[in-house]
Amino acid sequence: MWRCLDCGTEFDEPNIRIRLENMDGENGWQEWHERFCPCCGSENIEEVYENG
């Protein structure tokens with residue numbers, strides 16, 4: 001379970017944007033996985049752990 005700290009929505013999985021960045025101008029690529037709220041688009045989210 002995840003929670004958005006901006007809009008307060010709880011959701012099962014965040015949306016994920018994959019971005020590639022050329023680090024050295026040749027073949028050094030870095031892959032970034034950015035998670036964000038599916039409702040408002042904020043990256044200010046946290047994973048909520050349920051005890052049980």
# chains A, B, ... in the order shown; residues from 1 in each chain; ligands from 1
$ residues_around --residues "Leu5 (chain A)" --least-positions-apart "6" --cutoff "12 Å" --atoms "only C-alpha atoms" --output "VMD selection string"
chain A and resid 11 36 to 37 39 to 48
$ residues_around --residues "Arg35 (chain A)" --least-positions-apart "6" --cutoff "7 Å" --atoms "only C-alpha atoms" --output "short mmCIF file (atom, residue, chain, number, x, y, z; two decimals) with N, CA, C and O atoms, in the first residue's frame"
data_model
loop_
_atom_site.label_atom_id
_atom_site.label_comp_id
_atom_site.auth_asym_id
_atom_site.auth_seq_id
_atom_site.Cartn_x
_atom_site.Cartn_y
_atom_site.Cartn_z
N PRO A 14 2.26 2.68 -7.21
CA PRO A 14 2.44 3.99 -7.84
C PRO A 14 2.66 3.85 -9.35
O PRO A 14 3.01 2.77 -9.84
N ASN A 15 2.44 4.92 -10.07
CA ASN A 15 2.82 4.94 -11.48
C ASN A 15 4.34 5.07 -11.53
O ASN A 15 4.95 5.69 -10.66
N ILE A 16 4.95 4.49 -12.55
CA ILE A 16 6.40 4.51 -12.67
C ILE A 16 6.77 5.07 -14.04
O ILE A 16 6.25 4.64 -15.06
N ARG A 17 7.68 6.04 -14.01
CA ARG A 17 8.22 6.62 -15.23
C ARG A 17 9.68 6.19 -15.31
O ARG A 17 10.44 6.37 -14.38
N GLU A 43 5.49 13.30 -6.72
CA GLU A 43 6.52 12.32 -6.38
C GLU A 43 6.69 12.20 -4.86
O GLU A 43 7.52 11.43 -4.40
#
$ atom_distance --atom1 "CA of Glu31 (chain A)" --atom2 "CA of Arg19 (chain A)"
5.8 Å
$ select_by_dssp --residues "chain A" --states "strand (DSSP E)" --output "PyMOL selection string"
chain A and resi 2-4+10-11+15-22+29-36+45-47
$ write_last_selection --atoms "C-alpha atoms" --output "mmCIF file, in the first residue's frame"
data_model
loop_
_atom_site.group_PDB
_atom_site.id
_atom_site.type_symbol
_atom_site.label_atom_id
_atom_site.label_comp_id
_atom_site.auth_asym_id
_atom_site.auth_seq_id
_atom_site.Cartn_x
_atom_site.Cartn_y
_atom_site.Cartn_z
ATOM 1 C CA TRP A 2 1.240 3.482 -0.864
ATOM 2 C CA ARG A 3 0.123 6.939 0.286
ATOM 3 C CA CYS A 4 0.523 10.330 -1.365
ATOM 4 C CA GLU A 10 -3.920 5.592 -0.812
ATOM 5 C CA PHE A 11 -3.221 3.232 -3.702
ATOM 6 C CA ASN A 15 2.822 4.944 -11.481
ATOM 7 C CA ILE A 16 6.400 4.515 -12.672
ATOM 8 C CA ARG A 17 8.218 6.621 -15.233
ATOM 9 C CA ILE A 18 11.466 5.172 -16.621
ATOM 10 C CA ARG A 19 13.984 7.749 -17.804
ATOM 11 C CA LEU A 20 17.347 7.119 -19.478
ATOM 12 C CA GLU A 21 20.174 9.614 -19.037
ATOM 13 C CA ASN A 22 23.398 9.637 -21.025
ATOM 14 C CA TRP A 29 23.525 5.195 -19.667
ATOM 15 C CA GLN A 30 21.770 5.493 -16.290
ATOM 16 C CA GLU A 31 18.196 4.225 -15.928
ATOM 17 C CA TRP A 32 16.009 6.141 -13.450
ATOM 18 C CA HIS A 33 12.728 4.759 -12.074
ATOM 19 C CA GLU A 34 10.576 7.618 -10.808
ATOM 20 C CA ARG A 35 7.497 6.710 -8.768
ATOM 21 C CA PHE A 36 4.560 9.099 -8.547
ATOM 22 C CA ILE A 45 4.765 9.417 -1.807
ATOM 23 C CA GLU A 46 5.626 6.796 0.784
ATOM 24 C CA GLU A 47 5.117 3.066 1.145
#
